[in-house]
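Trainee: Dropping the structure in here first, questions after.
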Amino acid sequence: MPQQMMAERETETEPREEAWVIATNPDFPIRARNVNWFLERGGSIKEVRLTESEAGEWSVWLRLAGRSGEHRLAMFKSDEPRVYRDVARAIAMCRDDFGYFGPITLSTDRQPGGHNDPHPTPTA
């Protein structure tokens, strides 16, 4: 869906805190409500990527058809990332809430055996 149409819809009916904002930053946060709105109007998710922080929390990144860049899923009424402590819950959310059944890429910033690893590798 063209960005112009999304911007027009935001000004007509959506509250300001749930607006689609046209941004040049590819790390632009997006809320689940906006993703669902996009999908209901014929949009589609091209790709899902889950990233694990050093603290062990998973963030959801989406690529949407017809929109450039990658969008991090944000919390309700906030631009802070929506994070999951369990990767299975993040995957279930993508499948159940967005109906996405394509491939999901996993990546991590955690380092094995580091001070932030709750399950250190045993040494011989």
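As shown in the structure tokens, the chain order sets the letters A, B, ...; within each chain, residues go from 1, and ligands are also counted from 1 in the order they appear.
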Write out as number ranges by chain which residues come within 9 Å of Arg49 in chain A when counting only C-alpha atoms, dropping same-chain ones fewer than 3 positions away.
Mentor: A: 59-63, 103-107
Trainee: Which residues are close to range 72-85 of chain A, i.e. within 7 Å by only C-alpha atoms, leaving aside same-chain residues fewer than 2 positions away? Reply as a PDB file with all heavy atoms, in the first residue's frame.
Mentor:
```pdb
ATOM      1  N   GLU A  17      -0.905   8.672  18.545  1.00  0.00           N
ATOM      2  CA  GLU A  17       0.078   7.749  19.085  1.00  0.00           C
ATOM      3  C   GLU A  17       0.141   6.427  18.331  1.00  0.00           C
ATOM      4  O   GLU A  17       1.058   5.660  18.512  1.00  0.00           O
ATOM      5  CB  GLU A  17      -0.147   7.492  20.576  1.00  0.00           C
ATOM      6  CG  GLU A  17      -1.441   6.776  20.903  1.00  0.00           C
ATOM      7  CD  GLU A  17      -2.594   7.718  21.124  1.00  0.00           C
ATOM      8  OE1 GLU A  17      -2.455   8.934  20.847  1.00  0.00           O
ATOM      9  OE2 GLU A  17      -3.657   7.258  21.563  1.00  0.00           O
ATOM     10  N   GLU A  18      -0.814   6.129  17.457  1.00  0.00           N
ATOM     11  CA  GLU A  18      -0.810   4.902  16.693  1.00  0.00           C
ATOM     12  C   GLU A  18      -0.597   5.163  15.201  1.00  0.00           C
ATOM     13  O   GLU A  18      -0.987   4.385  14.367  1.00  0.00           O
ATOM     14  CB  GLU A  18      -2.131   4.144  16.903  1.00  0.00           C
ATOM     15  CG  GLU A  18      -2.301   3.625  18.301  1.00  0.00           C
ATOM     16  CD  GLU A  18      -1.259   2.584  18.665  1.00  0.00           C
ATOM     17  OE1 GLU A  18      -0.889   1.771  17.809  1.00  0.00           O
ATOM     18  OE2 GLU A  18      -0.801   2.599  19.814  1.00  0.00           O
ATOM     19  N   ASP A  27      15.419   1.555  10.934  1.00  0.00           N
ATOM     20  CA  ASP A  27      15.180   0.936  12.231  1.00  0.00           C
ATOM     21  C   ASP A  27      13.909   1.480  12.877  1.00  0.00           C
ATOM     22  O   ASP A  27      13.725   1.382  14.072  1.00  0.00           O
ATOM     23  CB  ASP A  27      16.367   1.173  13.166  1.00  0.00           C
ATOM     24  CG  ASP A  27      17.627   0.514  12.658  1.00  0.00           C
ATOM     25  OD1 ASP A  27      17.515  -0.455  11.890  1.00  0.00           O
ATOM     26  OD2 ASP A  27      18.714   0.975  13.016  1.00  0.00           O
ATOM     27  N   PHE A  28      13.023   2.044  12.083  1.00  0.00           N
ATOM     28  CA  PHE A  28      11.794   2.641  12.552  1.00  0.00           C
ATOM     29  C   PHE A  28      10.931   1.637  13.299  1.00  0.00           C
ATOM     30  O   PHE A  28      10.632   0.572  12.791  1.00  0.00           O
ATOM     31  CB  PHE A  28      11.049   3.210  11.340  1.00  0.00           C
ATOM     32  CG  PHE A  28       9.640   3.606  11.613  1.00  0.00           C
ATOM     33  CD1 PHE A  28       9.359   4.635  12.490  1.00  0.00           C
ATOM     34  CD2 PHE A  28       8.597   2.952  10.995  1.00  0.00           C
ATOM     35  CE1 PHE A  28       8.058   5.001  12.738  1.00  0.00           C
ATOM     36  CE2 PHE A  28       7.290   3.312  11.237  1.00  0.00           C
ATOM     37  CZ  PHE A  28       7.015   4.339  12.114  1.00  0.00           C
ATOM     38  N   PRO A  29      10.504   1.964  14.520  1.00  0.00           N
ATOM     39  CA  PRO A  29       9.642   1.039  15.261  1.00  0.00           C
ATOM     40  C   PRO A  29       8.224   1.035  14.693  1.00  0.00           C
ATOM     41  O   PRO A  29       7.741   2.034  14.175  1.00  0.00           O
ATOM     42  CB  PRO A  29       9.660   1.600  16.682  1.00  0.00           C
ATOM     43  CG  PRO A  29      10.026   3.032  16.545  1.00  0.00           C
ATOM     44  CD  PRO A  29      10.862   3.141  15.296  1.00  0.00           C
ATOM     45  N   ILE A  30       7.557  -0.106  14.807  1.00  0.00           N
ATOM     46  CA  ILE A  30       6.194  -0.252  14.325  1.00  0.00           C
ATOM     47  C   ILE A  30       5.419  -1.055  15.362  1.00  0.00           C
ATOM     48  O   ILE A  30       5.980  -1.949  15.996  1.00  0.00           O
ATOM     49  CB  ILE A  30       6.182  -0.929  12.937  1.00  0.00           C
ATOM     50  CG1 ILE A  30       4.818  -0.832  12.300  1.00  0.00           C
ATOM     51  CG2 ILE A  30       6.656  -2.367  13.009  1.00  0.00           C
ATOM     52  CD1 ILE A  30       4.824  -1.236  10.830  1.00  0.00           C
ATOM     53  N   ARG A  31       4.170  -0.715  15.573  1.00  0.00           N
ATOM     54  CA  ARG A  31       3.354  -1.405  16.576  1.00  0.00           C
ATOM     55  C   ARG A  31       2.535  -2.515  15.931  1.00  0.00           C
ATOM     56  O   ARG A  31       2.186  -2.437  14.757  1.00  0.00           O
ATOM     57  CB  ARG A  31       2.447  -0.398  17.268  1.00  0.00           C
ATOM     58  CG  ARG A  31       3.233   0.589  18.100  1.00  0.00           C
ATOM     59  CD  ARG A  31       2.367   1.730  18.585  1.00  0.00           C
ATOM     60  NE  ARG A  31       3.193   2.812  19.108  1.00  0.00           N
ATOM     61  CZ  ARG A  31       3.784   3.725  18.360  1.00  0.00           C
ATOM     62  NH1 ARG A  31       3.636   3.716  17.061  1.00  0.00           N
ATOM     63  NH2 ARG A  31       4.527   4.663  18.905  1.00  0.00           N
ATOM     64  N   ALA A  32       2.193  -3.532  16.721  1.00  0.00           N
ATOM     65  CA  ALA A  32       1.418  -4.666  16.222  1.00  0.00           C
ATOM     66  C   ALA A  32       0.094  -4.207  15.618  1.00  0.00           C
ATOM     67  O   ALA A  32      -0.341  -4.732  14.592  1.00  0.00           O
ATOM     68  CB  ALA A  32       1.176  -5.673  17.344  1.00  0.00           C
ATOM     69  N   GLY A  56      19.671 -11.577  26.666  1.00  0.00           N
ATOM     70  CA  GLY A  56      18.830 -12.738  26.431  1.00  0.00           C
ATOM     71  C   GLY A  56      17.395 -12.413  26.050  1.00  0.00           C
ATOM     72  O   GLY A  56      16.532 -13.278  26.130  1.00  0.00           O
ATOM     73  N   GLU A  57      17.124 -11.180  25.630  1.00  0.00           N
ATOM     74  CA  GLU A  57      15.780 -10.788  25.216  1.00  0.00           C
ATOM     75  C   GLU A  57      15.707 -10.741  23.693  1.00  0.00           C
ATOM     76  O   GLU A  57      16.629 -10.275  23.041  1.00  0.00           O
ATOM     77  CB  GLU A  57      15.422  -9.421  25.798  1.00  0.00           C
ATOM     78  CG  GLU A  57      15.371  -9.437  27.316  1.00  0.00           C
ATOM     79  CD  GLU A  57      15.123  -8.077  27.900  1.00  0.00           C
ATOM     80  OE1 GLU A  57      15.638  -7.076  27.357  1.00  0.00           O
ATOM     81  OE2 GLU A  57      14.405  -8.006  28.904  1.00  0.00           O
ATOM     82  N   TRP A  58      14.587 -11.234  23.149  1.00  0.00           N
ATOM     83  CA  TRP A  58      14.398 -11.330  21.703  1.00  0.00           C
ATOM     84  C   TRP A  58      13.556 -10.185  21.190  1.00  0.00           C
ATOM     85  O   TRP A  58      12.497  -9.884  21.736  1.00  0.00           O
ATOM     86  CB  TRP A  58      13.723 -12.649  21.363  1.00  0.00           C
ATOM     87  CG  TRP A  58      14.590 -13.833  21.648  1.00  0.00           C
ATOM     88  CD1 TRP A  58      14.692 -14.525  22.816  1.00  0.00           C
ATOM     89  CD2 TRP A  58      15.499 -14.435  20.734  1.00  0.00           C
ATOM     90  NE1 TRP A  58      15.612 -15.533  22.680  1.00  0.00           N
ATOM     91  CE2 TRP A  58      16.121 -15.511  21.412  1.00  0.00           C
ATOM     92  CE3 TRP A  58      15.847 -14.191  19.408  1.00  0.00           C
ATOM     93  CZ2 TRP A  58      17.066 -16.323  20.807  1.00  0.00           C
ATOM     94  CZ3 TRP A  58      16.785 -15.007  18.811  1.00  0.00           C
ATOM     95  CH2 TRP A  58      17.391 -16.056  19.508  1.00  0.00           C
ATOM     96  N   SER A  59      14.025  -9.516  20.129  1.00  0.00           N
ATOM     97  CA  SER A  59      13.285  -8.458  19.438  1.00  0.00           C
ATOM     98  C   SER A  59      12.816  -8.993  18.094  1.00  0.00           C
ATOM     99  O   SER A  59      13.482  -9.824  17.479  1.00  0.00           O
ATOM    100  CB  SER A  59      14.173  -7.234  19.183  1.00  0.00           C
ATOM    101  OG  SER A  59      14.563  -6.651  20.391  1.00  0.00           O
ATOM    102  N   VAL A  60      11.675  -8.483  17.621  1.00  0.00           N
ATOM    103  CA  VAL A  60      11.092  -8.907  16.360  1.00  0.00           C
ATOM    104  C   VAL A  60      11.304  -7.808  15.324  1.00  0.00           C
ATOM    105  O   VAL A  60      10.962  -6.652  15.559  1.00  0.00           O
ATOM    106  CB  VAL A  60       9.577  -9.184  16.516  1.00  0.00           C
ATOM    107  CG1 VAL A  60       8.955  -9.586  15.189  1.00  0.00           C
ATOM    108  CG2 VAL A  60       9.331 -10.254  17.581  1.00  0.00           C
ATOM    109  N   TRP A  61      11.869  -8.183  14.186  1.00  0.00           N
ATOM    110  CA  TRP A  61      12.099  -7.272  13.066  1.00  0.00           C
ATOM    111  C   TRP A  61      11.288  -7.751  11.870  1.00  0.00           C
ATOM    112  O   TRP A  61      11.290  -8.946  11.572  1.00  0.00           O
ATOM    113  CB  TRP A  61      13.578  -7.250  12.692  1.00  0.00           C
ATOM    114  CG  TRP A  61      14.437  -6.690  13.775  1.00  0.00           C
ATOM    115  CD1 TRP A  61      14.921  -7.347  14.865  1.00  0.00           C
ATOM    116  CD2 TRP A  61      14.916  -5.352  13.878  1.00  0.00           C
ATOM    117  NE1 TRP A  61      15.669  -6.498  15.629  1.00  0.00           N
ATOM    118  CE2 TRP A  61      15.693  -5.265  15.044  1.00  0.00           C
ATOM    119  CE3 TRP A  61      14.771  -4.218  13.074  1.00  0.00           C
ATOM    120  CZ2 TRP A  61      16.306  -4.094  15.447  1.00  0.00           C
ATOM    121  CZ3 TRP A  61      15.391  -3.045  13.471  1.00  0.00           C
ATOM    122  CH2 TRP A  61      16.147  -2.991  14.644  1.00  0.00           C
ATOM    123  N   LEU A  62      10.599  -6.843  11.197  1.00  0.00           N
ATOM    124  CA  LEU A  62       9.744  -7.193  10.070  1.00  0.00           C
ATOM    125  C   LEU A  62      10.150  -6.429   8.824  1.00  0.00           C
ATOM    126  O   LEU A  62      10.506  -5.254   8.905  1.00  0.00           O
ATOM    127  CB  LEU A  62       8.281  -6.841  10.384  1.00  0.00           C
ATOM    128  CG  LEU A  62       7.686  -7.407  11.662  1.00  0.00           C
ATOM    129  CD1 LEU A  62       6.334  -6.766  11.931  1.00  0.00           C
ATOM    130  CD2 LEU A  62       7.561  -8.906  11.563  1.00  0.00           C
ATOM    131  N   GLU A  70      13.700  -2.243   7.455  1.00  0.00           N
ATOM    132  CA  GLU A  70      13.310  -3.241   8.430  1.00  0.00           C
ATOM    133  C   GLU A  70      12.694  -2.500   9.610  1.00  0.00           C
ATOM    134  O   GLU A  70      13.182  -1.450  10.006  1.00  0.00           O
ATOM    135  CB  GLU A  70      14.570  -3.995   8.851  1.00  0.00           C
ATOM    136  CG  GLU A  70      14.320  -5.261   9.560  1.00  0.00           C
ATOM    137  CD  GLU A  70      15.613  -6.050   9.745  1.00  0.00           C
ATOM    138  OE1 GLU A  70      16.674  -5.434   9.973  1.00  0.00           O
ATOM    139  OE2 GLU A  70      15.556  -7.281   9.675  1.00  0.00           O
ATOM    140  N   VAL A  87      12.136 -17.322  23.001  1.00  0.00           N
ATOM    141  CA  VAL A  87      12.069 -17.247  21.543  1.00  0.00           C
ATOM    142  C   VAL A  87      10.817 -17.948  21.006  1.00  0.00           C
ATOM    143  O   VAL A  87      10.238 -17.512  20.009  1.00  0.00           O
ATOM    144  CB  VAL A  87      13.362 -17.784  20.885  1.00  0.00           C
ATOM    145  CG1 VAL A  87      13.480 -19.291  21.036  1.00  0.00           C
ATOM    146  CG2 VAL A  87      13.430 -17.380  19.424  1.00  0.00           C
ATOM    147  N   ARG A  89       7.857 -17.929  22.267  1.00  0.00           N
ATOM    148  CA  ARG A  89       6.731 -16.985  22.353  1.00  0.00           C
ATOM    149  C   ARG A  89       6.801 -15.945  21.242  1.00  0.00           C
ATOM    150  O   ARG A  89       5.777 -15.541  20.700  1.00  0.00           O
ATOM    151  CB  ARG A  89       6.708 -16.301  23.708  1.00  0.00           C
ATOM    152  CG  ARG A  89       6.262 -17.232  24.791  1.00  0.00           C
ATOM    153  CD  ARG A  89       6.122 -16.522  26.097  1.00  0.00           C
ATOM    154  NE  ARG A  89       5.773 -17.493  27.112  1.00  0.00           N
ATOM    155  CZ  ARG A  89       5.139 -17.191  28.215  1.00  0.00           C
ATOM    156  NH1 ARG A  89       4.788 -15.947  28.453  1.00  0.00           N
ATOM    157  NH2 ARG A  89       4.856 -18.130  29.083  1.00  0.00           N
ATOM    158  N   ALA A  90       7.996 -15.505  20.912  1.00  0.00           N
ATOM    159  CA  ALA A  90       8.149 -14.536  19.818  1.00  0.00           C
ATOM    160  C   ALA A  90       7.715 -15.162  18.494  1.00  0.00           C
ATOM    161  O   ALA A  90       7.018 -14.525  17.687  1.00  0.00           O
ATOM    162  CB  ALA A  90       9.595 -14.050  19.745  1.00  0.00           C
TER     163      ALA A  90
END
```
Trainee: Looking at only C-alpha atoms, which of A:Val48, A:Met93, A:Leu64, A:Ala88 is the one that sits closest to Val35 in chain A?
Mentor: A:Leu64
Trainee: One number please: CA of Asp86 in chain A to CA of Asn36 in chain A, in Å, one decimal.
Mentor: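 Those two atoms sit 22.4 Å apart.
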